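Participant: Data: final.tsv, TSV, N, CA and C atoms and all ligand atoms.
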chain	number	residue	atom	x	y	z
A	1	MET	N	148.41	83.83	75.17
A	1	MET	CA	148.35	85.12	75.83
A	1	MET	C	149.54	85.28	76.80
A	2	ARG	N	149.89	86.53	77.06
A	2	ARG	CA	151.01	86.77	77.97
A	2	ARG	C	150.52	87.19	79.34
A	3	CYS	N	151.35	86.92	80.35
A	3	CYS	CA	151.00	87.27	81.72
A	3	CYS	C	150.88	88.79	81.87
A	4	TYR	N	149.77	89.23	82.42
A	4	TYR	CA	149.51	90.66	82.58
A	4	TYR	C	150.46	91.29	83.60
A	5	VAL	N	150.72	90.58	84.68
A	5	VAL	CA	151.59	91.12	85.74
A	5	VAL	C	153.02	91.24	85.23
A	6	CYS	N	153.49	90.22	84.54
A	6	CYS	CA	154.84	90.28	83.98
A	6	CYS	C	154.93	91.41	82.96
A	7	ALA	N	153.89	91.58	82.15
A	7	ALA	CA	153.88	92.63	81.15
A	7	ALA	C	153.97	94.00	81.80
A	8	GLN	N	153.29	94.16	82.94
A	8	GLN	CA	153.34	95.42	83.68
A	8	GLN	C	154.75	95.72	84.14
A	9	GLU	N	155.50	94.66	84.45
A	9	GLU	CA	156.87	94.83	84.94
A	9	GLU	C	157.87	94.82	83.79
A	10	GLY	N	157.37	94.78	82.59
A	10	GLY	CA	158.24	94.83	81.43
A	10	GLY	C	158.74	93.48	80.98
A	11	GLY	N	158.22	92.41	81.56
A	11	GLY	CA	158.66	91.07	81.19
A	11	GLY	C	157.66	90.39	80.28
A	12	ILE	N	158.03	89.23	79.80
A	12	ILE	CA	157.14	88.46	78.94
A	12	ILE	C	157.10	87.01	79.43
A	13	SER	N	155.92	86.56	79.83
A	13	SER	CA	155.75	85.16	80.22
A	13	SER	C	154.47	84.63	79.61
A	14	GLU	N	154.51	83.40	79.19
A	14	GLU	CA	153.31	82.77	78.67
A	14	GLU	C	152.34	82.54	79.81
A	15	SER	N	151.06	82.83	79.61
A	15	SER	CA	150.09	82.68	80.68
A	15	SER	C	149.60	81.23	80.77
A	16	VAL	N	149.28	80.83	82.00
A	16	VAL	CA	148.76	79.49	82.24
A	16	VAL	C	147.39	79.53	82.89
A	17	ALA	N	146.95	80.73	83.30
A	17	ALA	CA	145.67	80.87	83.99
A	17	ALA	C	145.11	82.26	83.76
A	18	ILE	N	143.83	82.42	84.11
A	18	ILE	CA	143.16	83.70	83.97
A	18	ILE	C	142.58	84.10	85.33
A	19	CYS	N	142.77	85.33	85.72
A	19	CYS	CA	142.16	85.82	86.96
A	19	CYS	C	140.65	85.86	86.76
A	20	VAL	N	139.90	85.19	87.65
A	20	VAL	CA	138.45	85.13	87.47
A	20	VAL	C	137.78	86.45	87.82
A	21	ALA	N	138.49	87.33	88.50
A	21	ALA	CA	137.90	88.60	88.91
A	21	ALA	C	138.08	89.68	87.85
A	22	CYS	N	139.28	89.84	87.34
A	22	CYS	CA	139.53	90.92	86.39
A	22	CYS	C	139.84	90.43	84.99
A	23	GLY	N	140.04	89.13	84.83
A	23	GLY	CA	140.25	88.60	83.49
A	23	GLY	C	141.68	88.69	82.99
A	24	ALA	N	142.61	89.09	83.86
A	24	ALA	CA	144.00	89.19	83.44
A	24	ALA	C	144.59	87.81	83.23
A	25	ALA	N	145.43	87.67	82.22
A	25	ALA	CA	146.16	86.42	82.00
A	25	ALA	C	147.34	86.38	82.95
A	26	LEU	N	147.61	85.19	83.51
A	26	LEU	CA	148.64	85.07	84.53
A	26	LEU	C	149.57	83.91	84.24
A	27	CYS	N	150.86	84.11	84.53
A	27	CYS	CA	151.83	83.03	84.41
A	27	CYS	C	151.78	82.18	85.69
A	28	MET	N	152.51	81.09	85.70
A	28	MET	CA	152.51	80.18	86.85
A	28	MET	C	152.93	80.93	88.13
A	29	GLU	N	153.84	81.86	87.98
A	29	GLU	CA	154.37	82.57	89.14
A	29	GLU	C	153.35	83.53	89.73
A	30	HIS	N	152.50	84.08	88.92
A	30	HIS	CA	151.58	85.11	89.39
A	30	HIS	C	150.15	84.62	89.59
A	31	ALA	N	149.83	83.45	89.14
A	31	ALA	CA	148.49	82.91	89.35
A	31	ALA	C	148.36	82.44	90.80
A	32	ILE	N	147.35	82.93	91.50
A	32	ILE	CA	147.13	82.55	92.89
A	32	ILE	C	145.84	81.75	92.95
A	33	ARG	N	145.95	80.52	93.39
A	33	ARG	CA	144.78	79.65	93.44
A	33	ARG	C	144.11	79.80	94.79
A	34	GLU	N	142.86	80.17	94.77
A	34	GLU	CA	142.12	80.36	96.02
A	34	GLU	C	141.36	79.10	96.39
A	35	GLU	N	141.23	78.86	97.68
A	35	GLU	CA	140.48	77.70	98.16
A	35	GLU	C	138.99	77.97	97.98
A	36	PRO	N	138.23	76.95	97.55
A	36	PRO	CA	136.81	77.14	97.26
A	36	PRO	C	136.02	77.78	98.40
A	37	GLU	N	136.33	77.43	99.66
A	37	GLU	CA	135.52	77.96	100.76
A	37	GLU	C	135.70	79.47	100.92
A	38	LEU	N	136.78	80.01	100.37
A	38	LEU	CA	136.97	81.45	100.45
A	38	LEU	C	135.97	82.20	99.59
A	39	TRP	N	135.30	81.48	98.73
A	39	TRP	CA	134.44	82.14	97.76
A	39	TRP	C	132.99	82.20	98.19
A	40	GLU	N	132.69	81.65	99.35
A	40	GLU	CA	131.32	81.75	99.82
A	40	GLU	C	131.10	83.10	100.48
A	41	GLY	N	129.87	83.54	100.51
A	41	GLY	CA	129.60	84.84	101.10
A	41	GLY	C	129.19	85.87	100.06
A	42	ASP	N	129.21	87.10	100.46
A	42	ASP	CA	128.64	88.16	99.63
A	42	ASP	C	129.68	89.03	98.94
A	43	TYR	N	130.91	88.61	98.97
A	43	TYR	CA	131.91	89.44	98.31
A	43	TYR	C	131.63	89.51	96.80
A	44	PRO	N	131.67	90.71	96.25
A	44	PRO	CA	131.22	90.90	94.85
A	44	PRO	C	132.20	90.41	93.80
A	45	PHE	N	132.69	89.22	93.97
A	45	PHE	CA	133.45	88.61	92.90
A	45	PHE	C	132.52	87.64	92.17
A	46	PRO	N	132.83	87.33	90.93
A	46	PRO	CA	131.89	86.51	90.14
A	46	PRO	C	131.94	85.03	90.48
A	47	ALA	N	132.01	84.70	91.78
A	47	ALA	CA	132.11	83.30	92.18
A	47	ALA	C	130.81	82.54	91.93
A	48	ARG	N	129.69	83.25	92.06
A	48	ARG	CA	128.41	82.57	91.98
A	48	ARG	C	128.08	82.05	90.58
A	49	VAL	N	128.66	82.65	89.57
A	49	VAL	CA	128.37	82.19	88.23
A	49	VAL	C	129.20	80.96	87.87
A	50	LEU	N	130.18	80.65	88.72
A	50	LEU	CA	131.01	79.49	88.45
A	50	LEU	C	130.52	78.30	89.26
A	51	LYS	N	130.65	77.12	88.68
A	51	LYS	CA	130.32	75.91	89.42
A	51	LYS	C	131.39	75.67	90.46
A	52	ARG	N	131.01	75.08	91.56
A	52	ARG	CA	131.99	74.77	92.61
A	52	ARG	C	133.03	73.80	92.09
A	53	ARG	N	134.20	73.87	92.67
A	53	ARG	CA	135.31	72.96	92.42
A	53	ARG	C	136.03	73.24	91.11
A	54	LEU	N	135.62	74.25	90.38
A	54	LEU	CA	136.44	74.68	89.27
A	54	LEU	C	137.67	75.37	89.84
A	55	PRO	N	138.81	75.18	89.23
A	55	PRO	CA	139.98	75.93	89.70
A	55	PRO	C	139.71	77.42	89.55
A	56	ARG	N	140.04	78.17	90.59
A	56	ARG	CA	139.81	79.61	90.53
A	56	ARG	C	141.12	80.32	90.82
A	57	PHE	N	141.54	81.07	89.86
A	57	PHE	CA	142.80	81.78	90.02
A	57	PHE	C	142.56	83.27	90.12
A	58	LEU	N	143.40	83.91	90.92
A	58	LEU	CA	143.37	85.35	91.03
A	58	LEU	C	144.74	85.91	90.73
A	59	CYS	N	144.77	87.14	90.22
A	59	CYS	CA	146.05	87.82	90.08
A	59	CYS	C	146.44	88.36	91.45
A	60	PRO	N	147.69	88.74	91.66
A	60	PRO	CA	148.12	89.23	92.99
A	60	PRO	C	147.28	90.41	93.47
A	61	GLU	N	146.91	91.29	92.56
A	61	GLU	CA	146.13	92.47	92.93
A	61	GLU	C	144.74	92.09	93.43
A	62	CYS	N	144.05	91.24	92.71
A	62	CYS	CA	142.70	90.84	93.09
A	62	CYS	C	142.74	89.98	94.35
A	63	SER	N	143.79	89.17	94.48
A	63	SER	CA	143.91	88.34	95.67
A	63	SER	C	144.05	89.22	96.90
A	64	ALA	N	144.85	90.28	96.81
A	64	ALA	CA	145.03	91.20	97.92
A	64	ALA	C	143.72	91.89	98.26
A	65	ALA	N	143.00	92.34	97.23
A	65	ALA	CA	141.72	93.03	97.44
A	65	ALA	C	140.71	92.07	98.06
A	66	PHE	N	140.75	90.82	97.59
A	66	PHE	CA	139.82	89.82	98.08
A	66	PHE	C	140.05	89.54	99.56
A	67	ARG	N	141.32	89.41	99.94
A	67	ARG	CA	141.64	89.12	101.33
A	67	ARG	C	141.35	90.31	102.24
A	68	GLU	N	141.60	91.51	101.76
A	68	GLU	CA	141.30	92.71	102.53
A	68	GLU	C	139.81	92.86	102.75
A	69	GLY	N	139.03	92.38	101.78
A	69	GLY	CA	137.58	92.57	101.86
A	69	GLY	C	136.90	91.62	102.82
A	70	ARG	N	137.65	90.64	103.33
A	70	ARG	CA	137.02	89.68	104.23
A	70	ARG	C	137.07	90.13	105.68
A	101	ZN	ZN	153.72	86.69	85.49
A	102	ZN	ZN	142.66	90.07	88.86
What's the structure tokens form of this structure?
Facilitator:
Amino acid sequence: MRCYVCAQEGGISESVAICVACGAALCMEHAIREEPELWEGDYPFPARVLKRRLPRFLCPECSAAFREGR
């Protein structure tokens, strides 16, 4: 799969991760790894369906929304 963010900018990069919030494929440059403790609480991201300590990646857009929501 190709990176969604790069594709939006007209580029092509092979994806290495998936945003857990929106499902977008992300390249190494655009994948943002969130710390597990950031996922506790009531924010409506699908953190609860995931087991703890799994790597969780967000795209830049979801990461921004996630941080604004705290
Ligand atoms: Zn990218
Ligand atoms: Zn996303």
Participant: Around ligand ZN 101 (chain A), at most 5 Å away and counting all atoms listed in the file, which residues are there? Put them as number ranges by chain, please.
Facilitator: A: 3, 5-6, 27, 30
Participant: Mind giving me the straight-line distance from atom C of Leu26 (chain A) to atom N of Ala65 (chain A) in Å, one decimal?
Facilitator: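 Between atom C of Leu26 (chain A) and atom N of Ala65 (chain A) the gap works out to 16.8 Å.
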Participant: Edge lengths and centre in Å to one decimal, as JSON, is what I'm after for the box along x, y and z that holds all listed atoms of region 1-15 of chain A once 4 Å is added on each side.
Facilitator:
{"center_x": 153.5, "center_y": 88.5, "center_z": 80.5, "size_x": 18.4, "size_y": 22.5, "size_z": 18.6}
Participant: Against ligand ZN 102 (chain A), which residues of chain A fall within 6.5 Å? For each one I want the closest pair of atoms and the distance in Å (one decimal), counting all atoms listed in the file, rows by chain and increasing residue number, as a tab-separated table.
Facilitator:
residue	atom	partner	partner_atom	distance
A:Cys19	CA	A:ZN102	ZN	4.7
A:Val20	N	A:ZN102	ZN	5.7
A:Ala21	C	A:ZN102	ZN	4.7
A:Cys22	N	A:ZN102	ZN	3.7
A:Gly23	N	A:ZN102	ZN	4.9
A:Ala24	N	A:ZN102	ZN	5.1
A:Leu58	C	A:ZN102	ZN	5.0
A:Cys59	N	A:ZN102	ZN	3.9
A:Pro60	N	A:ZN102	ZN	5.9
A:Glu61	C	A:ZN102	ZN	5.4
A:Cys62	N	A:ZN102	ZN	4.3
A:Ser63	N	A:ZN102	ZN	5.8
Participant: If we count only N, CA and C atoms, what is near Ala25 (chain A) at a cut-off of 6.5 Å, once residues fewer than 6 positions away on the same chain are taken out, given as a VMD selection string?
Facilitator: chain A and resid 1 to 5 15 to 19
